[in-house]
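**Student:** Following this line is work.pdb, made up of PDB, C-alpha atoms:
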```
ATOM      1  CA  MET A   1       0.000   0.000   0.000  1.00  0.00           C
ATOM      2  CA  ASP A   2       0.940   3.639  -0.028  1.00  0.00           C
ATOM      3  CA  GLY A   3       3.606   4.685   2.379  1.00  0.00           C
ATOM      4  CA  GLY A   4       1.301   7.231   4.020  1.00  0.00           C
ATOM      5  CA  VAL A   5      -0.572   6.217   7.105  1.00  0.00           C
ATOM      6  CA  GLY A   6      -4.318   6.657   7.223  1.00  0.00           C
ATOM      7  CA  SER A   7      -6.963   5.791   9.752  1.00  0.00           C
ATOM      8  CA  PHE A   8      -7.135   2.290  11.225  1.00  0.00           C
ATOM      9  CA  GLY A   9      -3.744   1.209   9.943  1.00  0.00           C
ATOM     10  CA  ALA A  10      -4.492   1.541   6.231  1.00  0.00           C
ATOM     11  CA  GLY A  11      -2.966   3.709   3.570  1.00  0.00           C
ATOM     12  CA  ARG A  12      -4.269   7.118   2.710  1.00  0.00           C
ATOM     13  CA  THR A  13      -7.813   7.293   1.450  1.00  0.00           C
ATOM     14  CA  GLY A  14      -7.972   6.669  -2.281  1.00  0.00           C
ATOM     15  CA  SER A  15      -4.359   5.489  -2.531  1.00  0.00           C
ATOM     16  CA  THR A  16      -3.517   2.784  -5.036  1.00  0.00           C
ATOM     17  CA  VAL A  17      -2.745  -0.703  -3.751  1.00  0.00           C
ATOM     18  CA  ASP A  18       0.512  -2.340  -4.768  1.00  0.00           C
ATOM     19  CA  PRO A  19      -0.246  -6.075  -5.242  1.00  0.00           C
ATOM     20  CA  ILE A  20       3.291  -7.139  -4.317  1.00  0.00           C
ATOM     21  CA  THR A  21       3.336  -5.081  -1.137  1.00  0.00           C
ATOM     22  CA  PHE A  22      -0.173  -6.287  -0.285  1.00  0.00           C
ATOM     23  CA  ALA A  23       0.845  -9.938  -0.756  1.00  0.00           C
ATOM     24  CA  LYS A  24       3.816  -9.525   1.600  1.00  0.00           C
ATOM     25  CA  GLN A  25       1.786  -8.162   4.479  1.00  0.00           C
ATOM     26  CA  PRO A  26       1.485 -10.475   7.523  1.00  0.00           C
ATOM     27  CA  GLN A  27      -2.278 -10.082   7.520  1.00  0.00           C
ATOM     28  CA  THR A  28      -2.502 -11.243   3.905  1.00  0.00           C
ATOM     29  CA  ILE A  29      -0.321 -14.265   4.634  1.00  0.00           C
ATOM     30  CA  LEU A  30      -2.480 -15.223   7.618  1.00  0.00           C
ATOM     31  CA  ARG A  31      -5.591 -14.780   5.497  1.00  0.00           C
ATOM     32  CA  VAL A  32      -4.263 -17.158   2.843  1.00  0.00           C
ATOM     33  CA  LEU A  33      -3.350 -19.692   5.533  1.00  0.00           C
ATOM     34  CA  CYS A  34      -6.895 -19.527   6.905  1.00  0.00           C
ATOM     35  CA  TRP A  35      -8.243 -20.096   3.412  1.00  0.00           C
ATOM     36  CA  ILE A  36      -5.989 -23.120   2.829  1.00  0.00           C
ATOM     37  CA  CYS A  37      -6.689 -24.665   6.234  1.00  0.00           C
ATOM     38  CA  SER A  38     -10.447 -24.249   5.841  1.00  0.00           C
ATOM     39  CA  LEU A  39     -10.287 -25.774   2.379  1.00  0.00           C
ATOM     40  CA  VAL A  40      -8.376 -28.818   3.664  1.00  0.00           C
ATOM     41  CA  VAL A  41     -10.768 -29.376   6.572  1.00  0.00           C
ATOM     42  CA  PHE A  42     -13.808 -29.066   4.328  1.00  0.00           C
ATOM     43  CA  ALA A  43     -12.480 -31.145   1.424  1.00  0.00           C
ATOM     44  CA  SER A  44     -11.028 -33.907   3.610  1.00  0.00           C
ATOM     45  CA  ILE A  45     -14.327 -34.628   5.303  1.00  0.00           C
ATOM     46  CA  VAL A  46     -16.482 -34.245   2.193  1.00  0.00           C
ATOM     47  CA  ASN A  47     -14.292 -36.460  -0.023  1.00  0.00           C
ATOM     48  CA  GLU A  48     -13.103 -39.175   2.365  1.00  0.00           C
ATOM     49  CA  GLY A  49     -14.863 -38.496   5.641  1.00  0.00           C
ATOM     50  CA  TYR A  50     -17.587 -41.075   5.015  1.00  0.00           C
ATOM     51  CA  VAL A  51     -17.145 -44.833   4.525  1.00  0.00           C
ATOM     52  CA  ASN A  52     -19.426 -47.618   3.389  1.00  0.00           C
ATOM     53  CA  LEU A  53     -19.426 -50.600   5.741  1.00  0.00           C
ATOM     54  CA  GLY A  54     -21.094 -53.185   3.522  1.00  0.00           C
ATOM     55  CA  SER A  55     -24.335 -51.263   3.209  1.00  0.00           C
ATOM     56  CA  GLU A  56     -25.753 -48.394   1.220  1.00  0.00           C
ATOM     57  CA  ARG A  57     -25.567 -46.103   4.226  1.00  0.00           C
ATOM     58  CA  LEU A  58     -22.438 -44.005   4.671  1.00  0.00           C
ATOM     59  CA  HIS A  59     -20.908 -43.627   8.112  1.00  0.00           C
ATOM     60  CA  CYS A  60     -18.685 -40.838   9.413  1.00  0.00           C
ATOM     61  CA  VAL A  61     -15.088 -41.912   9.996  1.00  0.00           C
ATOM     62  CA  PHE A  62     -15.114 -40.143  13.364  1.00  0.00           C
ATOM     63  CA  ASN A  63     -16.594 -42.938  15.469  1.00  0.00           C
ATOM     64  CA  LYS A  64     -19.638 -43.110  13.172  1.00  0.00           C
ATOM     65  CA  ASN A  65     -20.714 -39.771  14.630  1.00  0.00           C
ATOM     66  CA  ALA A  66     -22.446 -37.791  11.910  1.00  0.00           C
ATOM     67  CA  ASP A  67     -22.407 -34.667  14.078  1.00  0.00           C
ATOM     68  CA  ALA A  68     -18.605 -34.634  14.007  1.00  0.00           C
ATOM     69  CA  CYS A  69     -18.498 -34.695  10.205  1.00  0.00           C
ATOM     70  CA  ASN A  70     -21.273 -32.146   9.879  1.00  0.00           C
ATOM     71  CA  TYR A  71     -19.585 -29.790  12.300  1.00  0.00           C
ATOM     72  CA  GLY A  72     -16.255 -30.084  10.493  1.00  0.00           C
ATOM     73  CA  VAL A  73     -17.888 -29.425   7.117  1.00  0.00           C
ATOM     74  CA  PHE A  74     -19.753 -26.400   8.468  1.00  0.00           C
ATOM     75  CA  VAL A  75     -16.722 -24.797  10.117  1.00  0.00           C
ATOM     76  CA  GLY A  76     -14.528 -25.439   7.085  1.00  0.00           C
ATOM     77  CA  LEU A  77     -17.020 -24.178   4.498  1.00  0.00           C
ATOM     78  CA  VAL A  78     -17.949 -20.981   6.356  1.00  0.00           C
ATOM     79  CA  GLY A  79     -14.301 -20.341   7.196  1.00  0.00           C
ATOM     80  CA  LEU A  80     -13.402 -20.727   3.529  1.00  0.00           C
ATOM     81  CA  LEU A  81     -16.044 -18.230   2.422  1.00  0.00           C
ATOM     82  CA  ALA A  82     -15.214 -15.805   5.225  1.00  0.00           C
ATOM     83  CA  ALA A  83     -11.502 -15.879   4.423  1.00  0.00           C
ATOM     84  CA  SER A  84     -12.301 -15.024   0.796  1.00  0.00           C
ATOM     85  CA  PHE A  85     -14.599 -12.184   1.840  1.00  0.00           C
ATOM     86  CA  PHE A  86     -12.119 -10.614   4.249  1.00  0.00           C
ATOM     87  CA  PHE A  87      -9.341 -11.004   1.696  1.00  0.00           C
ATOM     88  CA  LEU A  88     -11.273  -8.800  -0.720  1.00  0.00           C
ATOM     89  CA  LEU A  89     -12.114  -6.417   2.103  1.00  0.00           C
ATOM     90  CA  ASP A  90      -8.423  -6.051   2.939  1.00  0.00           C
ATOM     91  CA  TYR A  91      -7.624  -5.277  -0.676  1.00  0.00           C
ATOM     92  CA  LYS A  92     -10.357  -2.625  -0.916  1.00  0.00           C
ATOM     93  CA  PHE A  93      -9.861  -1.251   2.589  1.00  0.00           C
ATOM     94  CA  SER A  94      -7.811   1.778   1.552  1.00  0.00           C
ATOM     95  CA  SER A  95     -10.558   2.880  -0.852  1.00  0.00           C
ATOM     96  CA  ILE A  96     -13.056   3.236   2.009  1.00  0.00           C
ATOM     97  CA  SER A  97     -13.208   6.970   2.633  1.00  0.00           C
ATOM     98  CA  SER A  98     -15.465   6.969   5.689  1.00  0.00           C
ATOM     99  CA  VAL A  99     -13.712   6.501   9.020  1.00  0.00           C
ATOM    100  CA  LYS A 100     -16.932   5.102  10.500  1.00  0.00           C
ATOM    101  CA  ASP A 101     -17.130   2.438   7.787  1.00  0.00           C
ATOM    102  CA  ARG A 102     -13.512   1.486   8.409  1.00  0.00           C
ATOM    103  CA  LYS A 103     -14.236   1.154  12.107  1.00  0.00           C
ATOM    104  CA  LYS A 104     -17.233  -1.087  11.417  1.00  0.00           C
ATOM    105  CA  ALA A 105     -15.142  -3.295   9.119  1.00  0.00           C
ATOM    106  CA  ILE A 106     -12.437  -3.687  11.751  1.00  0.00           C
ATOM    107  CA  MET A 107     -14.942  -4.477  14.493  1.00  0.00           C
ATOM    108  CA  LEU A 108     -16.594  -7.069  12.236  1.00  0.00           C
ATOM    109  CA  GLU A 109     -13.225  -8.679  11.604  1.00  0.00           C
ATOM    110  CA  ILE A 110     -12.366  -8.751  15.313  1.00  0.00           C
ATOM    111  CA  GLY A 111     -15.669 -10.365  16.234  1.00  0.00           C
ATOM    112  CA  PHE A 112     -15.699 -12.951  13.450  1.00  0.00           C
ATOM    113  CA  SER A 113     -12.013 -13.908  13.628  1.00  0.00           C
ATOM    114  CA  GLY A 114     -12.118 -14.357  17.390  1.00  0.00           C
ATOM    115  CA  PHE A 115     -15.342 -16.347  17.230  1.00  0.00           C
ATOM    116  CA  TRP A 116     -14.082 -18.576  14.416  1.00  0.00           C
ATOM    117  CA  ALA A 117     -10.836 -19.257  16.237  1.00  0.00           C
ATOM    118  CA  PHE A 118     -12.978 -20.516  19.112  1.00  0.00           C
ATOM    119  CA  LEU A 119     -15.106 -22.675  16.784  1.00  0.00           C
ATOM    120  CA  TYR A 120     -11.971 -24.234  15.322  1.00  0.00           C
ATOM    121  CA  PHE A 121     -10.764 -24.961  18.844  1.00  0.00           C
ATOM    122  CA  VAL A 122     -14.036 -26.792  19.461  1.00  0.00           C
ATOM    123  CA  SER A 123     -13.630 -28.563  16.119  1.00  0.00           C
ATOM    124  CA  PHE A 124     -10.121 -29.722  16.991  1.00  0.00           C
ATOM    125  CA  CYS A 125     -11.181 -31.057  20.385  1.00  0.00           C
ATOM    126  CA  PHE A 126     -14.363 -32.658  19.055  1.00  0.00           C
ATOM    127  CA  LEU A 127     -12.762 -34.389  16.074  1.00  0.00           C
ATOM    128  CA  ALA A 128      -9.720 -35.527  18.049  1.00  0.00           C
ATOM    129  CA  ASN A 129     -11.945 -36.980  20.757  1.00  0.00           C
ATOM    130  CA  GLN A 130     -14.135 -38.876  18.300  1.00  0.00           C
ATOM    131  CA  TRP A 131     -11.130 -40.106  16.343  1.00  0.00           C
ATOM    132  CA  SER A 132      -9.551 -41.511  19.501  1.00  0.00           C
ATOM    133  CA  ARG A 133     -12.731 -43.522  20.109  1.00  0.00           C
ATOM    134  CA  THR A 134     -12.882 -44.902  16.578  1.00  0.00           C
ATOM    135  CA  LYS A 135     -12.258 -48.653  16.461  1.00  0.00           C
ATOM    136  CA  PRO A 136     -10.038 -50.214  13.786  1.00  0.00           C
ATOM    137  CA  ASP A 137     -12.915 -52.470  12.747  1.00  0.00           C
ATOM    138  CA  ASP A 138     -14.933 -49.379  11.814  1.00  0.00           C
ATOM    139  CA  LEU A 139     -12.376 -48.496   9.118  1.00  0.00           C
ATOM    140  CA  PRO A 140     -11.623 -51.492   6.926  1.00  0.00           C
ATOM    141  CA  LEU A 141      -8.251 -51.169   5.181  1.00  0.00           C
ATOM    142  CA  ASN A 142      -7.702 -47.973   7.155  1.00  0.00           C
ATOM    143  CA  GLN A 143     -10.117 -46.204   4.841  1.00  0.00           C
ATOM    144  CA  GLY A 144     -10.470 -42.472   5.462  1.00  0.00           C
ATOM    145  CA  ALA A 145      -7.782 -42.388   8.157  1.00  0.00           C
ATOM    146  CA  ASP A 146      -5.566 -39.902   6.338  1.00  0.00           C
ATOM    147  CA  ALA A 147      -8.491 -37.553   5.746  1.00  0.00           C
ATOM    148  CA  ALA A 148      -9.462 -37.688   9.398  1.00  0.00           C
ATOM    149  CA  ARG A 149      -5.912 -36.880  10.542  1.00  0.00           C
ATOM    150  CA  ALA A 150      -5.705 -34.035   8.033  1.00  0.00           C
ATOM    151  CA  ALA A 151      -8.973 -32.530   9.257  1.00  0.00           C
ATOM    152  CA  ILE A 152      -7.757 -32.670  12.862  1.00  0.00           C
ATOM    153  CA  ALA A 153      -4.322 -31.229  12.075  1.00  0.00           C
ATOM    154  CA  PHE A 154      -5.585 -28.353   9.957  1.00  0.00           C
ATOM    155  CA  SER A 155      -8.255 -27.548  12.521  1.00  0.00           C
ATOM    156  CA  PHE A 156      -5.394 -26.959  14.946  1.00  0.00           C
ATOM    157  CA  PHE A 157      -3.522 -24.805  12.417  1.00  0.00           C
ATOM    158  CA  SER A 158      -6.701 -22.819  11.830  1.00  0.00           C
ATOM    159  CA  ILE A 159      -6.841 -21.899  15.516  1.00  0.00           C
ATOM    160  CA  ILE A 160      -3.422 -20.228  15.256  1.00  0.00           C
ATOM    161  CA  ALA A 161      -4.208 -18.499  11.950  1.00  0.00           C
ATOM    162  CA  TRP A 162      -7.574 -17.063  13.024  1.00  0.00           C
ATOM    163  CA  ALA A 163      -6.187 -16.041  16.412  1.00  0.00           C
ATOM    164  CA  GLY A 164      -3.354 -14.222  14.625  1.00  0.00           C
ATOM    165  CA  LEU A 165      -5.879 -12.369  12.473  1.00  0.00           C
ATOM    166  CA  THR A 166      -7.761 -11.384  15.614  1.00  0.00           C
ATOM    167  CA  VAL A 167      -4.611  -9.898  17.133  1.00  0.00           C
ATOM    168  CA  ARG A 168      -3.828  -8.000  13.932  1.00  0.00           C
ATOM    169  CA  ALA A 169      -7.373  -6.614  13.793  1.00  0.00           C
ATOM    170  CA  VAL A 170      -7.159  -5.438  17.404  1.00  0.00           C
ATOM    171  CA  GLN A 171      -3.888  -3.666  16.617  1.00  0.00           C
ATOM    172  CA  LYS A 172      -5.504  -1.910  13.648  1.00  0.00           C
ATOM    173  CA  TYR A 173      -8.440  -0.883  15.820  1.00  0.00           C
ATOM    174  CA  LEU A 174      -6.172   0.609  18.489  1.00  0.00           C
ATOM    175  CA  LEU A 175      -4.173   2.425  15.820  1.00  0.00           C
ATOM    176  CA  GLY A 176      -7.360   3.810  14.306  1.00  0.00           C
ATOM    177  CA  THR A 177      -8.503   5.038  17.714  1.00  0.00           C
ATOM    178  CA  ASP A 178      -5.330   7.088  17.997  1.00  0.00           C
ATOM    179  CA  MET A 179      -5.540   8.387  14.427  1.00  0.00           C
ATOM    180  CA  SER A 180      -9.146   9.514  14.919  1.00  0.00           C
ATOM    181  CA  LEU A 181      -7.827  12.411  16.982  1.00  0.00           C
ATOM    182  CA  PHE A 182      -6.651  14.053  13.760  1.00  0.00           C
ATOM    183  CA  THR A 183      -8.680  15.633  11.001  1.00  0.00           C
ATOM    184  CA  THR A 184      -8.904  14.323   7.473  1.00  0.00           C
ATOM    185  CA  GLU A 185      -6.508  16.993   6.223  1.00  0.00           C
ATOM    186  CA  HIS A 186      -3.869  15.902   8.706  1.00  0.00           C
ATOM    187  CA  MET A 187      -4.256  12.237   7.806  1.00  0.00           C
ATOM    188  CA  ASP A 188      -3.991  13.013   4.109  1.00  0.00           C
ATOM    189  CA  GLY A 189      -0.822  15.003   4.600  1.00  0.00           C
ATOM    190  CA  GLY A 190      -2.375  18.376   3.795  1.00  0.00           C
ATOM    191  CA  ALA A 191      -1.660  21.515   5.662  1.00  0.00           C
ATOM    192  CA  PRO A 192      -4.333  22.781   8.050  1.00  0.00           C
ATOM    193  CA  THR A 193      -6.551  25.480   6.635  1.00  0.00           C
ATOM    194  CA  GLN A 194      -6.193  29.052   7.851  1.00  0.00           C
ATOM    195  CA  PRO A 195      -9.046  30.410   9.925  1.00  0.00           C
ATOM    196  CA  TYR A 196      -8.962  33.805   8.131  1.00  0.00           C
ATOM    197  CA  PRO A 197      -8.362  34.540   4.432  1.00  0.00           C
ATOM    198  CA  SER A 198      -5.219  36.323   3.390  1.00  0.00           C
ATOM    199  CA  ASN A 199      -5.366  39.825   1.917  1.00  0.00           C
ATOM    200  CA  SER A 200      -1.993  39.703   0.193  1.00  0.00           C
ATOM    201  CA  PRO A 201      -1.896  38.948  -3.557  1.00  0.00           C
ATOM    202  CA  GLY A 202       0.546  36.049  -3.152  1.00  0.00           C
ATOM    203  CA  GLY A 203      -1.615  34.267  -0.642  1.00  0.00           C
ATOM    204  CA  THR A 204       0.884  34.723   2.192  1.00  0.00           C
ATOM    205  CA  THR A 205      -0.208  35.957   5.528  1.00  0.00           C
ATOM    206  CA  THR A 206       0.908  39.412   6.597  1.00  0.00           C
ATOM    207  CA  GLU A 207       1.093  40.553  10.132  1.00  0.00           C
ATOM    208  CA  PRO A 208      -0.338  44.001  10.762  1.00  0.00           C
ATOM    209  CA  SER A 209       2.309  46.527  11.671  1.00  0.00           C
ATOM    210  CA  GLU A 210       1.929  48.231  14.953  1.00  0.00           C
ATOM    211  CA  THR A 211       1.323  51.995  14.501  1.00  0.00           C
ATOM    212  CA  TYR A 212       1.288  54.502  17.262  1.00  0.00           C
ATOM    213  CA  GLN A 213      -1.959  56.338  17.744  1.00  0.00           C
ATOM    214  CA  ASN A 214      -2.657  59.099  20.106  1.00  0.00           C
ATOM    215  CA  PRO A 215      -5.078  58.286  22.869  1.00  0.00           C
ATOM    216  CA  PRO A 216      -8.583  59.403  22.049  1.00  0.00           C
ATOM    217  CA  PHE A 217      -9.923  62.636  23.354  1.00  0.00           C
ATOM    218  CA  THR A 218      -6.497  64.047  24.106  1.00  0.00           C
ATOM    219  CA  GLU A 219      -6.545  66.989  21.712  1.00  0.00           C
ATOM    220  CA  ASN A 220     -10.152  68.009  21.356  1.00  0.00           C
ATOM    221  CA  ASN A 221     -11.138  67.396  24.927  1.00  0.00           C
ATOM    222  CA  ALA A 222      -8.066  68.894  26.555  1.00  0.00           C
ATOM    223  CA  ALA A 223      -8.812  71.073  29.553  1.00  0.00           C
ATOM    224  CA  PRO A 224      -8.678  74.774  28.646  1.00  0.00           C
ATOM    225  CA  THR A 225      -6.013  76.916  30.259  1.00  0.00           C
ATOM    226  CA  TYR A 226      -6.787  80.344  31.707  1.00  0.00           C
ATOM    227  CA  GLN A 227      -4.508  83.299  32.303  1.00  0.00           C
ATOM    228  CA  VAL A 228      -5.126  85.761  35.080  1.00  0.00           C
ATOM    229  CA  PRO A 229      -5.744  89.180  33.626  1.00  0.00           C
ATOM    230  CA  ILE A 230      -3.291  91.872  34.664  1.00  0.00           C
ATOM    231  CA  TYR A 231      -4.773  95.162  35.643  1.00  0.00           C
TER
END
```
Rewrite the structure of this file - the entire thing - as structure tokens.
**Tutor:**
Amino acid sequence: MDGGVGSFGAGRTGSTVDPITFAKQPQTILRVLCWICSLVVFASIVNEGYVNLGSERLHCVFNKNADACNYGVFVGLVGLLAASFFFLLDYKFSSISSVKDRKKAIMLEIGFSGFWAFLYFVSFCFLANQWSRTKPDDLPLNQGADAARAAIAFSFFSIIAWAGLTVRAVQKYLLGTDMSLFTTEHMDGGAPTQPYPSNSPGGTTTEPSETYQNPPFTENNAAPTYQVPIY
């Protein structure tokens, strides 16, 4: 982004975004990691998270608990979509001119990232617990075992990634709170406007020269002097 600093940790309003600089930002890297982890959790369970044990009915590899698979699919799918949404929001963040809208976007990111880090923590504990109770007879030829381990591992990685995004969002919010003390002209690098217009042709301010003036009513209202007549 632009080297100037705007409100809530972004570049100046309306500044152009450098794709290379944007890709190197820690927040962008964490966002991509969240996207990858959510994709792995979702795809692992959908593709190989169900096995057929000699019947037409499919069973979840996590101790035949359908709730475990459904929960993993839900967290992974919503996390995948949310990571894509916030990625676009990060890219367009500097084009948001309203400070209030920037504040709302940051607060939304803080709330969602923190909440989704918690849901992934629940997912990791839930899937790991059900996997530890799964019997070898429930998975003939170790079918679906790699997908189950991948879903558990990337649920753990997602906790770190979403928690990191939460910390970054809180830092941006605190920075924006400090920057809100300044006006838009100060944040955009412009000079503060003068309270009074200048009368000089060049636009420069001139200080009035101090001229000495006689006190009022000193000449006209002076006390008359009288002379004593001489006889």
**Student:** Got a sec: who's within 9 Å of Phe156 (chain A), counting all atoms listed in the file, leaving out chain neighbours fewer than 3 positions off, as a list in words?
**Tutor:**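 Residues meeting the cut-off are Tyr120, Phe121, Ser123, Phe124, Cys125, Ala151, Ile152, Ala153, Ile159 and Ile160 of chain A.
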**Student:** Return the single residue from A:Phe22, A:Phe118, A:Phe86, A:Trp131 that is closest to Ser158 (chain A), with distances computed using all atoms listed in the file.
**Tutor:**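 The closest residue to Ser158 (chain A) is A:Phe118.
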**Student:** Given 5 Å on each side, where is the centre and what are the edge lengths in Å to one decimal of the axis-aligned box enclosing the listed atoms of region 35-54 of chain A, as JSON?
**Tutor:**
```
{"center_x": -13.5, "center_y": -36.6, "center_z": 3.3, "size_x": 25.1, "size_y": 43.1, "size_z": 16.6}
```
**Student:** May I have the residues within 12 Å of Gly54 (chain A) as a VMD selection string, using all atoms listed in the file and disregarding those fewer than 2 positions away in the same chain?
**Tutor:** chain A and resid 51 to 52 56 to 59 138 to 140
**Student:** I need the residue set behind the PyMOL selection byres ((chain A and resi 63) around 7) for this file; please write it as an NGL selection string.
**Tutor:** :A and (60-62 or 64-65 or 130-131 or 133-134)
**Student:** Those selected residues, please, written with C-alpha atoms and delivered as a PDB file, keeping the file's coordinate frame.
**Tutor:**
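So the final result, stored in part32.pdb, reads:
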```pdb
ATOM      1  CA  CYS A  60     -18.685 -40.838   9.413  1.00  0.00           C
ATOM      2  CA  VAL A  61     -15.088 -41.912   9.996  1.00  0.00           C
ATOM      3  CA  PHE A  62     -15.114 -40.143  13.364  1.00  0.00           C
ATOM      4  CA  LYS A  64     -19.638 -43.110  13.172  1.00  0.00           C
ATOM      5  CA  ASN A  65     -20.714 -39.771  14.630  1.00  0.00           C
ATOM      6  CA  GLN A 130     -14.135 -38.876  18.300  1.00  0.00           C
ATOM      7  CA  TRP A 131     -11.130 -40.106  16.343  1.00  0.00           C
ATOM      8  CA  ARG A 133     -12.731 -43.522  20.109  1.00  0.00           C
ATOM      9  CA  THR A 134     -12.882 -44.902  16.578  1.00  0.00           C
TER      10      THR A 134
END
```
**Student:** Neighbouring residues of region 66-75 of chain A were defined as those with any atom within 7 Å, considering only C-alpha atoms; residues of the same chain fewer than 6 positions away were excluded. Please report them as JSON, numbers by chain.
**Tutor:** {"A": [41, 42, 45, 49, 60, 123, 126, 127]}
**Student:** Could you dump the residues just selected with C-alpha atoms as an mmCIF file, in the coordinates of the input?
**Tutor:**
```cif
data_model
loop_
_atom_site.group_PDB
_atom_site.id
_atom_site.type_symbol
_atom_site.label_atom_id
_atom_site.label_comp_id
_atom_site.auth_asym_id
_atom_site.auth_seq_id
_atom_site.Cartn_x
_atom_site.Cartn_y
_atom_site.Cartn_z
ATOM 1 C CA VAL A 41 -10.768 -29.376 6.572
ATOM 2 C CA PHE A 42 -13.808 -29.066 4.328
ATOM 3 C CA ILE A 45 -14.327 -34.628 5.303
ATOM 4 C CA GLY A 49 -14.863 -38.496 5.641
ATOM 5 C CA CYS A 60 -18.685 -40.838 9.413
ATOM 6 C CA SER A 123 -13.630 -28.563 16.119
ATOM 7 C CA PHE A 126 -14.363 -32.658 19.055
ATOM 8 C CA LEU A 127 -12.762 -34.389 16.074
#
```
**Student:** Quick one: of A:Ile106, A:Leu77, A:Ala117, A:Ile96, who's nearest to Leu175 (chain A), counting all atoms listed in the file?
**Tutor:** A:Ile106
**Student:** What does the distance from CA of Ala169 (chain A) to CA of Glu109 (chain A) come to in Å, to one decimal?
**Tutor:** 6.6 Å
**Student:** How far is it from CA of Thr21 (chain A) to CA of Lys100 (chain A), in Å with one decimal?
**Tutor:**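 One can read the CA of Thr21 (chain A) to CA of Lys100 (chain A) distance as 25.5 Å.
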**Student:** Since I can't run it myself right now, could you work out what the PyMOL selection byres ((chain A and resi 167) around 12) selects here and report it as a list in words?
**Tutor:** Pro26, Gln27, Leu30, Ile106, Met107, Glu109, Ile110, Gly111, Ser113, Gly114, Ala117, Ile160, Ala161, Trp162, Ala163, Gly164, Leu165, Thr166, Arg168, Ala169, Val170, Gln171, Lys172, Tyr173 and Leu174 of chain A
**Student:** Write out the residues from the selection above, keeping C-alpha atoms, as a compact mmCIF listing (two decimals), keeping the file's coordinate frame.
**Tutor:**
```txt
# COMPACT_ATOMS: atom_id res chain seq x y z
CA PRO A 26 1.48 -10.48 7.52
CA GLN A 27 -2.28 -10.08 7.52
CA LEU A 30 -2.48 -15.22 7.62
CA ILE A 106 -12.44 -3.69 11.75
CA MET A 107 -14.94 -4.48 14.49
CA GLU A 109 -13.22 -8.68 11.60
CA ILE A 110 -12.37 -8.75 15.31
CA GLY A 111 -15.67 -10.36 16.23
CA SER A 113 -12.01 -13.91 13.63
CA GLY A 114 -12.12 -14.36 17.39
CA ALA A 117 -10.84 -19.26 16.24
CA ILE A 160 -3.42 -20.23 15.26
CA ALA A 161 -4.21 -18.50 11.95
CA TRP A 162 -7.57 -17.06 13.02
CA ALA A 163 -6.19 -16.04 16.41
CA GLY A 164 -3.35 -14.22 14.62
CA LEU A 165 -5.88 -12.37 12.47
CA THR A 166 -7.76 -11.38 15.61
CA ARG A 168 -3.83 -8.00 13.93
CA ALA A 169 -7.37 -6.61 13.79
CA VAL A 170 -7.16 -5.44 17.40
CA GLN A 171 -3.89 -3.67 16.62
CA LYS A 172 -5.50 -1.91 13.65
CA TYR A 173 -8.44 -0.88 15.82
CA LEU A 174 -6.17 0.61 18.49
```
**Student:** Run the PyMOL selection byres ((chain A and resi 87) around 12) mentally over the shown coordinates, then write out the matched residues as a PyMOL selection string, using the chain letters and numbers from the document.
**Tutor:** chain A and resi 22-23+25+27-35+79-86+88-93+109+165
**Student:** Calculated over all atoms listed in the file, which of the candidates A:Val78, A:Ala148, A:Ser55, A:Val17 has the smallest distance to Asn129 (chain A)?
**Tutor:**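 That would be A:Ala148, the residue with the smallest distance to Asn129 (chain A).
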**Student:** Go ahead and compute the interatomic distance for CA of Asn47 (chain A) and CA of Trp116 (chain A), in Å to one decimal.
**Tutor:**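 If I compute the distance from CA of Asn47 (chain A) to CA of Trp116 (chain A), I get 23.0 Å.
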